Amino acid sequence: MPAPQSVVQAVQAAIVASAHLAAYEHVAAAAQACQRLGALTSGRWRSAGRDLATLEEDLQTAFATAAAAVESRAEELGVPEDALWAVGDAAGTLDLLREAALEETEEGSRPAAVLRGQVLFGASFVEDPELPDRGTTLLFGWPEPLAPATWPWQANWIVGDRQDNGEDEDELDLFEAGDMEGDESLLAELADELSCSRSDARLALRDAALALTRASLLAGANEEDETEDEEASNGEP
C-alpha cells in the first residue's frame with residue numbers, strides 16, 4: 001500500500017528543507033573563504049565573495065520558507081518536527097554516500113539496485129554510547145518513511161604494521177551484530193522493485209546497509225586522518 005499523500009508531501013518538504021540547509025552552510029563557508037582571499041589577494045576573489053554572499057542571503061530566505069513548511073507538515077501529521085528533519089537529513093546522507101557505497105557492491109547486483117532504486121531513499125547511523133565500534137544503521141524507505149528499518153553492526157579496525165614502506169593502511173572489518181528489524185513493509189516494496197522474493201530482498205537490503213555503513217565509517221576515518229595531518233602540519237600536539 002503506498003504512503004498517504006500527506007506523508008509523501010511531508011517527507012518531500014523535509015528533504016527539500018534539509019537540502020536548503022546544507023546548501024546554505026556550504027555557500028556561507030565558501031563566501032567567507034572567498035572574502036578572506038579577496039582581502040589578501042586579487043579582486044577576482046572579492047567579486048566571487050560578493051556573488052556568494054548574495055547567494056547566501058537568497059538561500060537563507062529560502063531555507064526559512066522551507067523550514068516553515070516542515071513545521072506545518074509536522075503539525076498536520078501530528079508527528080514531532082524532529083522526526084521529519086531526521087528523514088530529510090537521512091536522504092541527504094544517502095545521496096552523499098551512494099557512490100562510495102556502490103563501490104562496496106558488485107555492479108548489477110541486487111544490493112546495487114537497492115542503492116540506485118526509489119524505495120530506499122535515506123540512511124543514518126547511530127553509534128552505541130556504551131560499546132565502542134558498535135552502532136545501528138537506520139534505513140528509510142517507502143511506504144513507511146517515518147518508521148525506518150534498523151540494522152545493528154559491529155566494526156573492528158585491523159591495524160596495519162606501517163613498518164616496511166609506511167603505506168599499510170588500517171582495514172575495516174564490519175559485520176552484523178543482530179537481526180534487521182522493522183523492515184516488513186520495506187521488503188514488500190523492495191521485492192516488487194527488484195522482482196524477487198522477500199527473502200532475497202532482505203539479503204539485498206542487508207548488503208546495502210553493510211555497504212552504506214562501511215562507506216560512512218571509512219569516510220569518518222579519512223576525515224580524522226586529514227584533521228590529524230592538518231594539526232601535525234600546524235605543529236599542534
# chains A, B, ... in the order shown; residues from 1 in each chain; ligands from 1
>>> select_by_dssp(residues="range 22-214 of chain A", states="strand (DSSP E or B)", output="ChimeraX atom specification")
/A:120-127,134-141,149-158,171-176,181
>>> residues_around(residues="Val87 in chain A", least_positions_apart="6", cutoff="9 Å", atoms="only C-alpha atoms", output="tab-separated table (two decimals) with C-alpha atoms, in the first residue's frame")
chain	number	residue	atom	x	y	z
A	11	VAL	CA	8.79	13.82	3.52
A	14	ALA	CA	11.77	17.69	4.83
A	15	ILE	CA	14.16	16.58	2.07
A	18	SER	CA	17.47	19.69	4.59
A	122	GLY	CA	17.65	7.62	3.22
A	123	ALA	CA	20.13	6.32	5.76
A	124	SER	CA	21.54	7.45	9.07
A	140	PHE	CA	14.44	4.97	5.46
A	145	PRO	CA	9.23	6.64	5.69
A	146	LEU	CA	8.82	7.67	9.33
>>> select_by_dssp(residues="range 49-226 of chain A", states="alpha helix (DSSP H)", output="ChimeraX atom specification")
/A:49-77,81-102,110-116,184-194,198-226
>>> atom_distance(atom1="CA of Ala23 in chain A", atom2="CA of Gln5 in chain A")
26.9 Å
>>> atom_distance(atom1="CA of Pro4 in chain A", atom2="CA of Gly141 in chain A")
13.7 Å
>>> residues_around(residues="Arg110 in chain A", least_positions_apart="3", cutoff="9 Å", atoms="only C-alpha atoms", output="PDB file with C-alpha atoms, in the first residue's frame")
ATOM      1  CA  THR A 105      28.851  -3.785  -4.066  1.00  0.00           C
ATOM      2  CA  GLU A 106      29.042  -5.728  -7.325  1.00  0.00           C
ATOM      3  CA  GLU A 107      27.885  -3.899 -10.431  1.00  0.00           C
ATOM      4  CA  ALA A 113      19.923  -1.911  -7.364  1.00  0.00           C
ATOM      5  CA  VAL A 114      18.662  -1.122  -3.850  1.00  0.00           C
ATOM      6  CA  LEU A 115      21.126   1.772  -3.593  1.00  0.00           C
ATOM      7  CA  LEU A 194      13.798  -5.938  -7.612  1.00  0.00           C
ATOM      8  CA  ASP A 200      16.142 -12.201  -1.479  1.00  0.00           C
ATOM      9  CA  ALA A 201      15.068  -8.595  -0.918  1.00  0.00           C
ATOM     10  CA  LEU A 203      19.558 -10.136   1.745  1.00  0.00           C
ATOM     11  CA  ALA A 204      19.894  -7.278  -0.741  1.00  0.00           C
ATOM     12  CA  LEU A 205      18.814  -4.700   1.845  1.00  0.00           C
ATOM     13  CA  ASP A 207      24.108  -5.968   1.967  1.00  0.00           C
ATOM     14  CA  ALA A 208      23.119  -2.409   1.014  1.00  0.00           C
TER      15      ALA A 208
END
>>> atom_distance(atom1="CA of Ala147 in chain A", atom2="CA of Leu21 in chain A")
23.3 Å
>>> residues_around(residues="Leu77 in chain A", least_positions_apart="3", cutoff="9 Å", atoms="only C-alpha atoms", output="ChimeraX atom specification")
/A:6-7,10,72-74,80
>>> write_last_selection(atoms="C-alpha atoms", output="CSV table (one decimal), in the first residue's frame")
chain,number,residue,atom,x,y,z
A,6,SER,CA,0.1,13.9,3.2
A,7,VAL,CA,3.1,11.7,4.3
A,10,ALA,CA,5.8,16.0,4.4
A,72,SER,CA,3.4,23.0,9.1
A,73,ARG,CA,3.6,19.4,7.7
A,74,ALA,CA,4.6,18.0,11.1
A,80,PRO,CA,7.5,15.7,16.1
>>> residues_around(residues="Leu37 in chain A", least_positions_apart="4", cutoff="12 Å", atoms="only C-alpha atoms", output="ChimeraX atom specification")
/A:30-33,41-50
>>> closest_residue(among="A:Phe175, A:Tyr24, A:Trp85, A:Phe63", to="Gln154 in chain A", atoms="only C-alpha atoms")
A:Phe175
>>> residues_around(residues="Thr93 in chain A", least_positions_apart="5", cutoff="12 Å", atoms="only C-alpha atoms", output="VMD selection string")
chain A and resid 15 18 to 19 22 86 to 88 98 to 101 121 to 125 137 to 140 212 to 213 215 to 216 219
>>> write_last_selection(atoms="C-alpha atoms", output="PDB file, in the first residue's frame")
ATOM      1  CA  ILE A  15      14.160  16.582   2.072  1.00  0.00           C
ATOM      2  CA  SER A  18      17.474  19.692   4.593  1.00  0.00           C
ATOM      3  CA  ALA A  19      18.995  20.310   1.157  1.00  0.00           C
ATOM      4  CA  ALA A  22      23.193  22.024   3.559  1.00  0.00           C
ATOM      5  CA  ALA A  86      15.690  13.245  10.583  1.00  0.00           C
ATOM      6  CA  VAL A  87      14.083  11.922   7.396  1.00  0.00           C
ATOM      7  CA  GLY A  88      15.331  14.863   5.358  1.00  0.00           C
ATOM      8  CA  ARG A  98      25.738   6.475  -2.594  1.00  0.00           C
ATOM      9  CA  GLU A  99      28.757   6.369  -4.901  1.00  0.00           C
ATOM     10  CA  ALA A 100      31.125   5.148  -2.174  1.00  0.00           C
ATOM     11  CA  ALA A 101      28.597   2.508  -1.111  1.00  0.00           C
ATOM     12  CA  PHE A 121      15.755   6.923  -0.010  1.00  0.00           C
ATOM     13  CA  GLY A 122      17.648   7.625   3.218  1.00  0.00           C
ATOM     14  CA  ALA A 123      20.129   6.319   5.756  1.00  0.00           C
ATOM     15  CA  SER A 124      21.539   7.452   9.072  1.00  0.00           C
ATOM     16  CA  PHE A 125      23.879   5.991  11.650  1.00  0.00           C
ATOM     17  CA  THR A 137      22.138   1.848  10.697  1.00  0.00           C
ATOM     18  CA  LEU A 138      18.671   3.278  10.061  1.00  0.00           C
ATOM     19  CA  LEU A 139      17.219   2.623   6.600  1.00  0.00           C
ATOM     20  CA  PHE A 140      14.442   4.966   5.461  1.00  0.00           C
ATOM     21  CA  LEU A 212      26.443   2.196   3.374  1.00  0.00           C
ATOM     22  CA  THR A 213      27.833   1.625   6.854  1.00  0.00           C
ATOM     23  CA  ALA A 215      31.205   3.924   3.351  1.00  0.00           C
ATOM     24  CA  SER A 216      30.215   6.043   6.345  1.00  0.00           C
ATOM     25  CA  ALA A 219      34.648   8.468   5.302  1.00  0.00           C
TER      26      ALA A 219
END
>>> residues_around(residues="Ala62 in chain A", least_positions_apart="5", cutoff="9 Å", atoms="only C-alpha atoms", output="list in words")
Ala17, His20, Glu57 and Ala67 of chain A
>>> closest_residue(among="A:Glu144, A:Asn156, A:Ala149, A:Arg206", to="Gly182 in chain A", atoms="only C-alpha atoms")
A:Ala149
>>> closest_residue(among="A:Thr150, A:Thr136, A:Asn222, A:Ser195", to="Asp170 in chain A", atoms="only C-alpha atoms")
A:Asn222
>>> closest_residue(among="A:Asp173, A:Glu104, A:Glu130, A:Asp51", to="Val27 in chain A", atoms="only C-alpha atoms")
A:Asp51
